[in-house]
>>> print(open('upload.txt').read())   # compact mmCIF, C-alpha atoms
# COMPACT_ATOMS: atom_id res chain seq x y z
CA MET P 236 0.00 0.00 0.00
CA ILE P 237 1.27 3.43 -1.01
CA GLN P 238 1.23 6.00 1.81
CA LYS P 239 -0.70 9.19 0.93
CA ASP P 240 0.61 12.67 1.67
CA ASP P 241 -1.44 15.40 3.41
CA ILE P 242 -2.79 16.79 0.13
CA GLU P 243 -4.03 13.44 -1.07
CA LEU P 244 -5.54 12.61 2.31
CA ARG P 245 -7.34 15.94 2.43
CA HIS P 246 -8.69 15.46 -1.10
CA ALA P 247 -9.90 11.93 -0.39
CA ALA P 248 -11.64 13.10 2.78
CA LEU P 249 -13.43 15.83 0.90
CA ILE P 250 -14.73 13.49 -1.79
CA LYS P 251 -15.75 10.86 0.73
CA ALA P 252 -17.61 13.38 2.90
CA ALA P 253 -19.43 14.76 -0.14
CA LYS P 254 -20.51 11.30 -1.28
CA SER P 255 -21.69 10.40 2.22
CA ALA P 256 -23.70 13.62 2.59
CA VAL P 257 -25.50 13.16 -0.72
CA ARG P 258 -26.19 9.48 -0.12
CA LEU P 259 -27.45 10.21 3.41
CA ARG P 260 -29.89 12.81 2.09
CA TYR P 261 -31.35 10.36 -0.45
CA SER P 262 -31.35 7.51 2.07
CA ILE P 263 -33.38 9.51 4.55
CA ALA P 264 -35.79 10.52 1.81
CA ALA P 265 -36.12 6.86 0.78
CA ASP P 266 -36.89 5.84 4.37
CA ALA P 267 -39.71 8.37 4.46
CA GLU P 268 -41.19 7.15 1.16
CA LEU P 269 -40.87 3.48 2.10
CA ASN P 270 -42.60 4.22 5.40
CA GLU P 271 -45.73 4.91 3.34
CA VAL P 272 -45.24 2.42 0.54
CA LEU P 273 -44.27 -0.76 2.38
CA PRO P 274 -47.29 -0.92 4.73
CA ALA P 275 -49.61 -0.30 1.77
CA LEU P 276 -47.98 -3.08 -0.23
CA ASP P 277 -48.13 -5.39 2.77
CA ARG P 278 -51.85 -4.72 3.22
CA ALA P 279 -52.55 -5.33 -0.46
CA PHE P 280 -50.53 -8.56 -0.48
CA THR P 281 -52.21 -9.91 2.67
CA ALA P 282 -55.66 -9.01 1.36
CA ALA P 283 -54.97 -10.95 -1.83
CA ILE P 284 -53.73 -13.99 0.11
CA GLN P 285 -56.80 -13.95 2.35
CA ARG P 286 -58.97 -13.85 -0.81
CA GLY P 287 -57.17 -16.94 -2.06
CA GLU P 288 -54.96 -15.26 -4.65
CA LEU P 289 -51.17 -15.26 -4.97
CA PRO P 290 -50.76 -11.83 -6.59
CA GLU P 291 -48.40 -10.70 -9.34
CA VAL P 292 -45.58 -8.62 -7.85
CA ALA P 293 -45.22 -6.27 -10.81
CA ALA P 294 -48.93 -5.51 -10.74
CA LEU P 295 -48.91 -4.65 -7.04
CA LEU P 296 -45.90 -2.39 -7.49
CA SER P 297 -47.59 -0.61 -10.38
CA GLU P 298 -50.88 -0.19 -8.52
CA ASN P 299 -49.02 1.45 -5.65
CA ASN P 300 -46.95 3.68 -7.90
CA VAL P 301 -43.74 1.90 -7.10
CA ALA P 302 -42.18 1.20 -10.48
CA ASP P 303 -38.90 2.07 -12.15
CA GLY P 304 -38.45 5.80 -12.41
CA GLU P 305 -41.54 6.68 -10.34
CA MET X 88 -39.05 -16.38 -15.20
CA SER X 89 -38.38 -13.72 -12.62
CA VAL X 90 -40.61 -13.75 -9.53
CA LEU X 91 -41.33 -10.09 -10.31
CA SER X 92 -43.23 -11.07 -13.44
CA ALA X 93 -44.69 -14.41 -12.30
CA PRO X 94 -48.48 -14.27 -12.93
CA SER X 95 -51.03 -14.36 -10.16
CA ARG X 96 -52.64 -17.71 -9.37
CA ALA X 97 -55.37 -19.07 -7.15
CA LEU X 98 -54.26 -20.35 -3.77
CA ARG X 99 -55.46 -23.70 -2.46
CA ILE X 100 -56.81 -22.99 1.01
CA LEU X 101 -57.78 -26.05 3.06
CA ASP X 102 -60.19 -25.53 5.95
CA PHE X 103 -60.14 -28.39 8.43
CA ASP X 104 -61.00 -29.59 11.92
CA ILE X 105 -60.41 -32.73 13.97
CA GLU X 106 -62.30 -34.45 16.76
CA ASN X 107 -60.46 -36.55 19.29
CA ARG X 108 -61.24 -38.73 22.32
CA PRO X 109 -59.21 -39.43 25.45
CA LEU X 110 -57.35 -42.73 25.17
CA SER X 111 -55.22 -43.21 28.28
CA TYR X 112 -54.58 -41.56 31.64
CA TRP X 113 -51.52 -39.36 31.58
CA VAL X 114 -51.04 -36.21 33.65
CA PRO X 115 -53.96 -34.89 35.75
CA ASP X 116 -56.70 -33.25 33.65
CA ASN X 117 -54.82 -34.09 30.45
CA PRO X 118 -55.29 -37.60 29.06
CA THR X 119 -53.62 -38.70 25.86
CA ALA X 120 -55.67 -38.15 22.71
CA GLU X 121 -56.78 -40.27 19.79
CA ILE X 122 -58.18 -38.69 16.64
CA THR X 123 -61.71 -39.86 15.90
CA ALA X 124 -62.55 -37.63 12.94
CA ILE X 125 -60.96 -35.32 10.41
CA ALA X 126 -63.06 -33.06 8.20
CA SER X 127 -61.58 -30.88 5.48
CA CYS X 128 -62.91 -28.77 2.65
CA TRP X 129 -61.29 -26.57 0.02
CA ALA X 130 -62.22 -22.97 0.71
CA ASP X 131 -63.35 -22.32 -2.86
CA ASP X 132 -65.44 -25.51 -3.23
CA MET X 133 -68.13 -26.34 -0.66
CA ASN X 134 -68.73 -29.64 -2.46
CA SER X 135 -65.23 -30.85 -1.61
CA MET X 136 -66.06 -31.57 2.05
CA GLU X 137 -64.45 -34.85 3.10
CA VAL X 138 -65.15 -36.39 6.51
CA LEU X 139 -62.93 -39.22 7.70
CA LEU X 140 -64.25 -41.17 10.70
CA LEU X 141 -62.46 -43.63 12.92
CA GLY X 142 -64.74 -46.62 12.79
CA GLU X 143 -65.32 -46.23 9.06
CA VAL X 144 -61.61 -46.21 8.25
CA ASP X 145 -58.64 -46.96 10.48
CA GLY X 146 -56.45 -44.30 12.04
CA ALA X 147 -53.59 -44.64 9.58
CA GLU X 148 -55.90 -44.34 6.58
CA MET X 149 -57.53 -41.23 8.03
CA LEU X 150 -54.14 -39.63 8.44
CA ARG X 151 -52.88 -40.60 4.96
CA ARG X 152 -55.90 -39.16 3.23
CA PHE X 153 -55.79 -35.93 5.21
CA VAL X 154 -52.04 -35.51 4.65
CA ASP X 155 -52.60 -35.85 0.88
CA ARG X 156 -54.79 -32.75 1.04
CA TYR X 157 -52.48 -31.00 3.49
CA ASN X 158 -49.54 -31.42 1.14
CA GLU X 159 -51.57 -30.06 -1.77
CA ALA X 160 -52.65 -26.96 0.13
CA ASP X 161 -50.93 -23.57 -0.05
CA ILE X 162 -52.60 -22.52 3.21
CA VAL X 163 -54.39 -24.50 5.92
CA THR X 164 -56.92 -22.79 8.15
CA GLY X 165 -58.99 -23.55 11.21
CA HIS X 166 -59.65 -22.42 14.78
CA TYR X 167 -56.68 -22.94 17.11
CA ILE X 168 -55.10 -25.34 14.63
CA ARG X 169 -51.52 -24.33 15.36
CA LYS X 170 -51.75 -25.25 19.05
CA HIS X 171 -54.33 -28.08 18.91
CA ASP X 172 -55.19 -29.81 15.63
CA LEU X 173 -51.83 -29.70 13.83
CA PRO X 174 -49.68 -30.89 16.79
CA ILE X 175 -52.18 -33.67 17.56
CA LEU X 176 -52.10 -34.76 13.91
CA ASN X 177 -48.30 -34.73 13.93
CA GLY X 178 -48.20 -36.79 17.10
CA SER X 179 -50.53 -39.35 15.54
CA LEU X 180 -48.38 -39.53 12.44
CA MET X 181 -45.39 -40.21 14.65
CA GLU X 182 -47.30 -42.94 16.51
CA PHE X 183 -48.30 -44.63 13.25
CA GLY X 184 -44.80 -44.35 11.82
CA LEU X 185 -46.04 -42.18 8.96
CA PRO X 186 -44.19 -39.22 7.41
CA LEU X 187 -44.59 -36.15 9.57
CA LEU X 188 -46.20 -32.87 8.59
CA GLY X 189 -44.01 -30.27 6.94
CA PRO X 190 -44.15 -26.52 7.55
CA LYS X 191 -47.24 -24.89 6.11
CA MET X 192 -48.61 -21.39 5.74
CA SER X 193 -51.55 -21.20 8.14
CA CYS X 194 -54.44 -18.94 9.07
CA ASP X 195 -55.52 -19.63 12.66
CA THR X 196 -58.67 -17.68 13.44
CA ARG X 197 -58.01 -17.85 17.16
CA LEU X 198 -54.28 -17.19 17.33
CA ASP X 199 -54.26 -14.65 14.49
CA MET X 200 -57.19 -12.67 15.86
CA MET X 201 -56.70 -9.07 16.89
CA LYS X 202 -56.01 -8.39 20.57
CA LYS X 203 -59.02 -8.23 22.84
CA ALA X 204 -59.79 -8.91 26.48
CA ASP X 205 -62.52 -10.33 28.64
CA LEU X 206 -64.44 -11.92 25.79
CA PRO X 207 -64.43 -15.55 24.68
CA ALA X 208 -62.48 -16.55 21.60
CA THR X 209 -64.34 -19.75 20.89
CA GLN X 210 -65.55 -20.43 17.36
CA GLU X 211 -69.09 -20.72 18.68
CA PHE X 212 -69.00 -17.28 20.31
CA LEU X 213 -67.44 -15.61 17.29
CA ILE X 214 -69.98 -17.15 14.92
CA GLU X 215 -72.84 -15.93 17.05
CA THR X 216 -71.35 -12.49 17.69
CA LEU X 217 -70.49 -11.82 14.06
CA GLY X 218 -73.84 -13.08 12.87
CA VAL X 219 -72.44 -15.87 10.72
CA PRO X 220 -75.47 -17.74 9.34
CA VAL X 221 -74.61 -21.32 10.24
CA PRO X 222 -76.15 -23.51 12.95
CA LYS X 223 -73.85 -24.95 15.62
CA VAL X 224 -74.16 -28.68 15.96
CA HIS X 225 -74.36 -28.99 19.72
CA MET X 226 -73.21 -32.17 21.44
CA THR X 227 -74.25 -33.10 24.97
CA GLN X 228 -72.05 -35.17 27.27
CA ALA X 229 -74.18 -38.19 26.42
CA ASP X 230 -73.71 -37.44 22.69
CA TRP X 231 -69.93 -37.29 23.12
CA ARG X 232 -69.86 -40.56 25.04
CA GLU X 233 -71.82 -42.28 22.29
CA ALA X 234 -69.69 -40.66 19.59
CA ASN X 235 -66.49 -41.82 21.28
CA ARG X 236 -67.83 -45.38 21.47
CA LEU X 237 -67.89 -45.27 17.65
CA THR X 238 -71.42 -46.69 17.44
CA PRO X 239 -73.26 -46.08 14.13
CA GLU X 240 -75.36 -43.37 15.75
CA GLY X 241 -72.25 -41.97 17.41
CA LEU X 242 -70.46 -41.78 14.07
CA ARG X 243 -73.42 -39.98 12.57
CA LYS X 244 -73.27 -37.37 15.33
CA THR X 245 -69.52 -36.96 14.99
CA LYS X 246 -69.81 -36.49 11.25
CA ALA X 247 -72.47 -33.83 11.62
CA ARG X 248 -70.47 -32.04 14.29
CA VAL X 249 -67.09 -31.98 12.57
CA ALA X 250 -68.47 -31.13 9.13
CA GLY X 251 -70.62 -28.43 10.69
CA ASP X 252 -67.58 -26.96 12.41
CA VAL X 253 -65.64 -26.80 9.14
CA LEU X 254 -68.54 -25.24 7.28
CA GLY X 255 -69.00 -22.73 10.10
CA HIS X 256 -65.32 -21.93 10.11
CA MET X 257 -65.24 -21.32 6.38
CA LEU X 258 -67.85 -18.61 6.78
CA LEU X 259 -66.36 -17.30 10.02
CA ARG X 260 -62.93 -16.78 8.46
CA LEU X 261 -64.42 -14.76 5.62
CA ALA X 262 -66.40 -12.67 8.09
CA MET X 263 -63.29 -12.00 10.17
CA VAL X 264 -61.24 -11.08 7.09
CA GLU X 265 -63.96 -8.69 5.97
CA ARG X 266 -63.88 -6.95 9.35
CA GLY X 267 -60.09 -6.71 9.49
CA MET X 268 -59.92 -8.99 12.53
CA LEU X 269 -57.10 -11.24 11.32
CA ARG X 270 -53.44 -10.56 10.81
CA ALA X 271 -51.57 -12.09 7.88
CA PRO X 272 -51.21 -15.88 7.71
CA SER X 273 -47.96 -17.23 9.06
CA VAL X 274 -45.99 -20.42 8.58
CA TRP X 275 -46.62 -23.20 11.12
CA ARG X 276 -43.29 -24.86 11.74
CA PRO X 277 -43.59 -28.30 13.33
CA GLY X 278 -39.91 -28.52 14.22
CA GLY X 279 -38.01 -31.75 13.83
CA GLY X 280 -35.66 -32.38 10.93
CA VAL X 281 -35.58 -34.21 7.64
CA ALA X 282 -36.41 -37.92 7.73
CA VAL X 283 -33.78 -40.15 6.16
CA ASP X 284 -36.34 -42.75 5.17
CA SER X 285 -39.81 -41.91 6.51
CA ALA X 286 -41.53 -44.79 4.69
CA ARG X 287 -39.49 -47.37 6.56
CA HIS X 288 -41.20 -46.78 9.90
CA ALA X 289 -44.82 -47.20 8.90
CA ARG X 290 -46.77 -49.64 11.07
>>> encode(input="upload.txt", output="structure tokens")
Amino acid sequence: MIQKDDIELRHAALIKAAKSAVRLRYSIAADAELNEVLPALDRAFTAAIQRGELPEVAALLSENNVADGE
Amino acid sequence: MSVLSAPSRALRILDFDIENRPLSYWVPDNPTAEITAIASCWADDMNSMEVLLLGEVDGAEMLRRFVDRYNEADIVTGHYIRKHDLPILNGSLMEFGLPLLGPKMSCDTRLDMMKKADLPATQEFLIETLGVPVPKVHMTQADWREANRLTPEGLRKTKARVAGDVLGHMLLRLAMVERGMLRAPSVWRPGGGVAVDSARHAR
């Protein structure tokens, strides 16, 4: 392993901190959205099972507005 | 095919109930049990009711025929089946040297019911309280004694009782689902391991 000098260490720290901050912001936003979406999906899935139907996953995701890009 | 795009399909839900009689003294207030009847019906087909009676068939045959349906089912359902009917069935299978029950998704209308206090949780009470339109086949002590003697009249009473309980439960479960009284089905896990050669031990 090559030892970094102070400039390289400072630069790496900056990039790492920036990545972490951005990812944290999106992660927290995802938690908030999933807090609404997951219980709704769970209720829909359980209701289907109780009706005697094994539902299609893609259809449930689409009905609850959880699809690629949405 | 990815599970994400697998199409929907109908689930096979098996509603069932057993009757049992005491067979030998064991610990106080808890004799050992012997199954005297097994009734089962597919939830989407009222005409599929099958009642197996000890006295018409032997114990091993009752178990084999029920297990055939059990293995075909996606979900089994009944009242207190995870603590009563399923363990008793598994114990009987062990006693007869037959292959044991595997894990199964289950809907237990007593154990999966929402929390409540100071009210009964019996099937009879729930049917009456929720207004489920099915008569309860009541058995007196004398009826039970005759039923457990496996006389022809006793078998007739047992058959009416156990089939009536399954029919009542089928309607009760739907009523409870409609009212949001049941949590999601969960897998009943009987424990044990994987038999090396389960067929070898049959009596």
>>> residues_around(input="upload.txt", residues="segment 266-277 of chain P", least_positions_apart="3", cutoff="8 Å", atoms="all atoms listed in the file", output="PDB file with C-alpha atoms, in the frame of the given file")
ATOM      1  CA  SER P 262     -31.350   7.510   2.070  1.00  0.00           C
ATOM      2  CA  ILE P 263     -33.380   9.510   4.550  1.00  0.00           C
ATOM      3  CA  PHE P 280     -50.530  -8.560  -0.480  1.00  0.00           C
ATOM      4  CA  THR P 281     -52.210  -9.910   2.670  1.00  0.00           C
ATOM      5  CA  LEU P 295     -48.910  -4.650  -7.040  1.00  0.00           C
ATOM      6  CA  LEU P 296     -45.900  -2.390  -7.490  1.00  0.00           C
ATOM      7  CA  ASN P 299     -49.020   1.450  -5.650  1.00  0.00           C
ATOM      8  CA  VAL P 301     -43.740   1.900  -7.100  1.00  0.00           C
TER       9      VAL P 301
END
>>> interface_residues(input="upload.txt", of="chain X", to="chain P", cutoff="9 Å", atoms="all atoms listed in the file", output="ChimeraX atom specification")
/X:90-100,130-131,162,194,261,264,270-272
>>> closest_residue(input="upload.txt", among="X:Thr216, X:Thr227, X:Ser89, X:Thr164", to="Met192 of chain X", atoms="all atoms listed in the file")
X:Thr164
>>> atom_distance(input="upload.txt", atom1="atom CA of Leu139 of chain X", atom2="atom CA of Tyr112 of chain X")
25.5 Å
>>> residues_around(input="upload.txt", residues="Gln210 of chain X", least_positions_apart="5", cutoff="10 Å", atoms="all atoms listed in the file", output="PDB file with C-alpha atoms, in the frame of the given file")
ATOM      1  CA  GLY X 165     -58.990 -23.550  11.210  1.00  0.00           C
ATOM      2  CA  HIS X 166     -59.650 -22.420  14.780  1.00  0.00           C
ATOM      3  CA  TYR X 167     -56.680 -22.940  17.110  1.00  0.00           C
ATOM      4  CA  THR X 196     -58.670 -17.680  13.440  1.00  0.00           C
ATOM      5  CA  ARG X 197     -58.010 -17.850  17.160  1.00  0.00           C
ATOM      6  CA  GLU X 215     -72.840 -15.930  17.050  1.00  0.00           C
ATOM      7  CA  THR X 216     -71.350 -12.490  17.690  1.00  0.00           C
ATOM      8  CA  LYS X 223     -73.850 -24.950  15.620  1.00  0.00           C
ATOM      9  CA  ASP X 252     -67.580 -26.960  12.410  1.00  0.00           C
ATOM     10  CA  GLY X 255     -69.000 -22.730  10.100  1.00  0.00           C
ATOM     11  CA  HIS X 256     -65.320 -21.930  10.110  1.00  0.00           C
ATOM     12  CA  LEU X 259     -66.360 -17.300  10.020  1.00  0.00           C
ATOM     13  CA  ARG X 260     -62.930 -16.780   8.460  1.00  0.00           C
TER      14      ARG X 260
END
>>> atom_distance(input="upload.txt", atom1="atom CA of Lys203 of chain X", atom2="atom CA of Ile168 of chain X")
19.4 Å
>>> atom_distance(input="upload.txt", atom1="atom CA of Glu233 of chain X", atom2="atom CA of His171 of chain X")
22.8 Å
>>> closest_residue(input="upload.txt", among="X:Val154, X:Leu269, X:Val144, X:Leu237", to="Asn107 of chain X", atoms="all atoms listed in the file")
X:Leu237
>>> residues_near_point(input="upload.txt", point="(-62.0, -31.0, 10.3)", cutoff="10 Å", atoms="all atoms listed in the file", output="PyMOL selection string")
chain X and resi 101-106+124-128+136-139+153+164-166+168+172+246+248-254+256
>>> write_last_selection(input="upload.txt", atoms="C-alpha atoms", output="PDB file, keeping the file's coordinate frame")
ATOM      1  CA  LEU X 101     -57.780 -26.050   3.060  1.00  0.00           C
ATOM      2  CA  ASP X 102     -60.190 -25.530   5.950  1.00  0.00           C
ATOM      3  CA  PHE X 103     -60.140 -28.390   8.430  1.00  0.00           C
ATOM      4  CA  ASP X 104     -61.000 -29.590  11.920  1.00  0.00           C
ATOM      5  CA  ILE X 105     -60.410 -32.730  13.970  1.00  0.00           C
ATOM      6  CA  GLU X 106     -62.300 -34.450  16.760  1.00  0.00           C
ATOM      7  CA  ALA X 124     -62.550 -37.630  12.940  1.00  0.00           C
ATOM      8  CA  ILE X 125     -60.960 -35.320  10.410  1.00  0.00           C
ATOM      9  CA  ALA X 126     -63.060 -33.060   8.200  1.00  0.00           C
ATOM     10  CA  SER X 127     -61.580 -30.880   5.480  1.00  0.00           C
ATOM     11  CA  CYS X 128     -62.910 -28.770   2.650  1.00  0.00           C
ATOM     12  CA  MET X 136     -66.060 -31.570   2.050  1.00  0.00           C
ATOM     13  CA  GLU X 137     -64.450 -34.850   3.100  1.00  0.00           C
ATOM     14  CA  VAL X 138     -65.150 -36.390   6.510  1.00  0.00           C
ATOM     15  CA  LEU X 139     -62.930 -39.220   7.700  1.00  0.00           C
ATOM     16  CA  PHE X 153     -55.790 -35.930   5.210  1.00  0.00           C
ATOM     17  CA  THR X 164     -56.920 -22.790   8.150  1.00  0.00           C
ATOM     18  CA  GLY X 165     -58.990 -23.550  11.210  1.00  0.00           C
ATOM     19  CA  HIS X 166     -59.650 -22.420  14.780  1.00  0.00           C
ATOM     20  CA  ILE X 168     -55.100 -25.340  14.630  1.00  0.00           C
ATOM     21  CA  ASP X 172     -55.190 -29.810  15.630  1.00  0.00           C
ATOM     22  CA  LYS X 246     -69.810 -36.490  11.250  1.00  0.00           C
ATOM     23  CA  ARG X 248     -70.470 -32.040  14.290  1.00  0.00           C
ATOM     24  CA  VAL X 249     -67.090 -31.980  12.570  1.00  0.00           C
ATOM     25  CA  ALA X 250     -68.470 -31.130   9.130  1.00  0.00           C
ATOM     26  CA  GLY X 251     -70.620 -28.430  10.690  1.00  0.00           C
ATOM     27  CA  ASP X 252     -67.580 -26.960  12.410  1.00  0.00           C
ATOM     28  CA  VAL X 253     -65.640 -26.800   9.140  1.00  0.00           C
ATOM     29  CA  LEU X 254     -68.540 -25.240   7.280  1.00  0.00           C
ATOM     30  CA  HIS X 256     -65.320 -21.930  10.110  1.00  0.00           C
TER      31      HIS X 256
END
>>> build_atoms(input="upload.txt", residues="segment 257-267 of chain P", atoms="all heavy atoms", output="mmCIF file, in the coordinates of the input")
data_model
loop_
_atom_site.group_PDB
_atom_site.id
_atom_site.type_symbol
_atom_site.label_atom_id
_atom_site.label_comp_id
_atom_site.auth_asym_id
_atom_site.auth_seq_id
_atom_site.Cartn_x
_atom_site.Cartn_y
_atom_site.Cartn_z
ATOM 1 N N VAL P 257 -24.471 13.313 0.317
ATOM 2 C CA VAL P 257 -25.500 13.160 -0.720
ATOM 3 C C VAL P 257 -26.258 11.857 -0.534
ATOM 4 O O VAL P 257 -27.486 11.815 -0.593
ATOM 5 C CB VAL P 257 -24.853 13.229 -2.119
ATOM 6 C CG1 VAL P 257 -25.861 12.870 -3.195
ATOM 7 C CG2 VAL P 257 -24.286 14.627 -2.362
ATOM 8 N N ARG P 258 -25.513 10.777 -0.286
ATOM 9 C CA ARG P 258 -26.190 9.480 -0.120
ATOM 10 C C ARG P 258 -27.073 9.490 1.124
ATOM 11 O O ARG P 258 -28.170 8.917 1.110
ATOM 12 C CB ARG P 258 -25.140 8.364 0.001
ATOM 13 C CG ARG P 258 -24.437 8.074 -1.310
ATOM 14 C CD ARG P 258 -23.725 6.729 -1.309
ATOM 15 N NE ARG P 258 -23.242 6.427 -2.655
ATOM 16 C CZ ARG P 258 -21.971 6.409 -3.012
ATOM 17 N NH1 ARG P 258 -21.024 6.654 -2.134
ATOM 18 N NH2 ARG P 258 -21.630 6.130 -4.248
ATOM 19 N N LEU P 259 -26.644 10.135 2.186
ATOM 20 C CA LEU P 259 -27.450 10.210 3.410
ATOM 21 C C LEU P 259 -28.764 10.941 3.128
ATOM 22 O O LEU P 259 -29.832 10.514 3.558
ATOM 23 C CB LEU P 259 -26.666 10.925 4.511
ATOM 24 C CG LEU P 259 -27.438 11.120 5.821
ATOM 25 C CD1 LEU P 259 -27.811 9.768 6.426
ATOM 26 C CD2 LEU P 259 -26.617 11.925 6.817
ATOM 27 N N ARG P 260 -28.676 12.037 2.373
ATOM 28 C CA ARG P 260 -29.890 12.810 2.090
ATOM 29 C C ARG P 260 -30.901 11.937 1.334
ATOM 30 O O ARG P 260 -32.079 11.896 1.669
ATOM 31 C CB ARG P 260 -29.525 14.047 1.270
ATOM 32 C CG ARG P 260 -30.692 15.010 1.083
ATOM 33 C CD ARG P 260 -30.223 16.383 0.623
ATOM 34 N NE ARG P 260 -29.626 16.357 -0.690
ATOM 35 C CZ ARG P 260 -28.347 16.668 -0.940
ATOM 36 N NH1 ARG P 260 -27.537 17.021 0.040
ATOM 37 N NH2 ARG P 260 -27.880 16.639 -2.166
ATOM 38 N N TYR P 261 -30.436 11.214 0.329
ATOM 39 C CA TYR P 261 -31.350 10.360 -0.450
ATOM 40 C C TYR P 261 -31.828 9.172 0.370
ATOM 41 O O TYR P 261 -32.963 8.725 0.240
ATOM 42 C CB TYR P 261 -30.666 9.883 -1.731
ATOM 43 C CG TYR P 261 -30.653 10.926 -2.811
ATOM 44 C CD1 TYR P 261 -29.494 11.628 -3.122
ATOM 45 C CD2 TYR P 261 -31.818 11.239 -3.503
ATOM 46 C CE1 TYR P 261 -29.491 12.605 -4.100
ATOM 47 C CE2 TYR P 261 -31.821 12.212 -4.488
ATOM 48 C CZ TYR P 261 -30.656 12.896 -4.784
ATOM 49 O OH TYR P 261 -30.664 13.861 -5.746
ATOM 50 N N SER P 262 -30.973 8.653 1.233
ATOM 51 C CA SER P 262 -31.350 7.510 2.070
ATOM 52 C C SER P 262 -32.466 7.882 3.036
ATOM 53 O O SER P 262 -33.415 7.127 3.235
ATOM 54 C CB SER P 262 -30.116 7.027 2.838
ATOM 55 O OG SER P 262 -30.490 5.998 3.729
ATOM 56 N N ILE P 263 -32.347 9.054 3.623
ATOM 57 C CA ILE P 263 -33.380 9.510 4.550
ATOM 58 C C ILE P 263 -34.692 9.750 3.810
ATOM 59 O O ILE P 263 -35.772 9.397 4.299
ATOM 60 C CB ILE P 263 -32.913 10.772 5.302
ATOM 61 C CG1 ILE P 263 -31.787 10.400 6.280
ATOM 62 C CG2 ILE P 263 -34.072 11.438 6.040
ATOM 63 C CD1 ILE P 263 -31.135 11.564 6.952
ATOM 64 N N ALA P 264 -34.593 10.299 2.622
ATOM 65 C CA ALA P 264 -35.790 10.520 1.810
ATOM 66 C C ALA P 264 -36.431 9.184 1.421
ATOM 67 O O ALA P 264 -37.655 9.048 1.415
ATOM 68 C CB ALA P 264 -35.439 11.317 0.564
ATOM 69 N N ALA P 265 -35.599 8.190 1.131
ATOM 70 C CA ALA P 265 -36.120 6.860 0.780
ATOM 71 C C ALA P 265 -36.829 6.231 1.974
ATOM 72 O O ALA P 265 -37.886 5.611 1.823
ATOM 73 C CB ALA P 265 -34.978 5.962 0.314
ATOM 74 N N ASP P 266 -36.246 6.398 3.160
ATOM 75 C CA ASP P 266 -36.890 5.840 4.370
ATOM 76 C C ASP P 266 -38.284 6.422 4.526
ATOM 77 O O ASP P 266 -39.241 5.712 4.878
ATOM 78 C CB ASP P 266 -36.064 6.175 5.618
ATOM 79 C CG ASP P 266 -34.828 5.317 5.739
ATOM 80 O OD1 ASP P 266 -34.735 4.311 5.011
ATOM 81 O OD2 ASP P 266 -33.949 5.657 6.560
ATOM 82 N N ALA P 267 -38.411 7.711 4.304
ATOM 83 C CA ALA P 267 -39.710 8.370 4.460
ATOM 84 C C ALA P 267 -40.706 7.833 3.437
ATOM 85 O O ALA P 267 -41.869 7.560 3.761
ATOM 86 C CB ALA P 267 -39.554 9.878 4.304
#
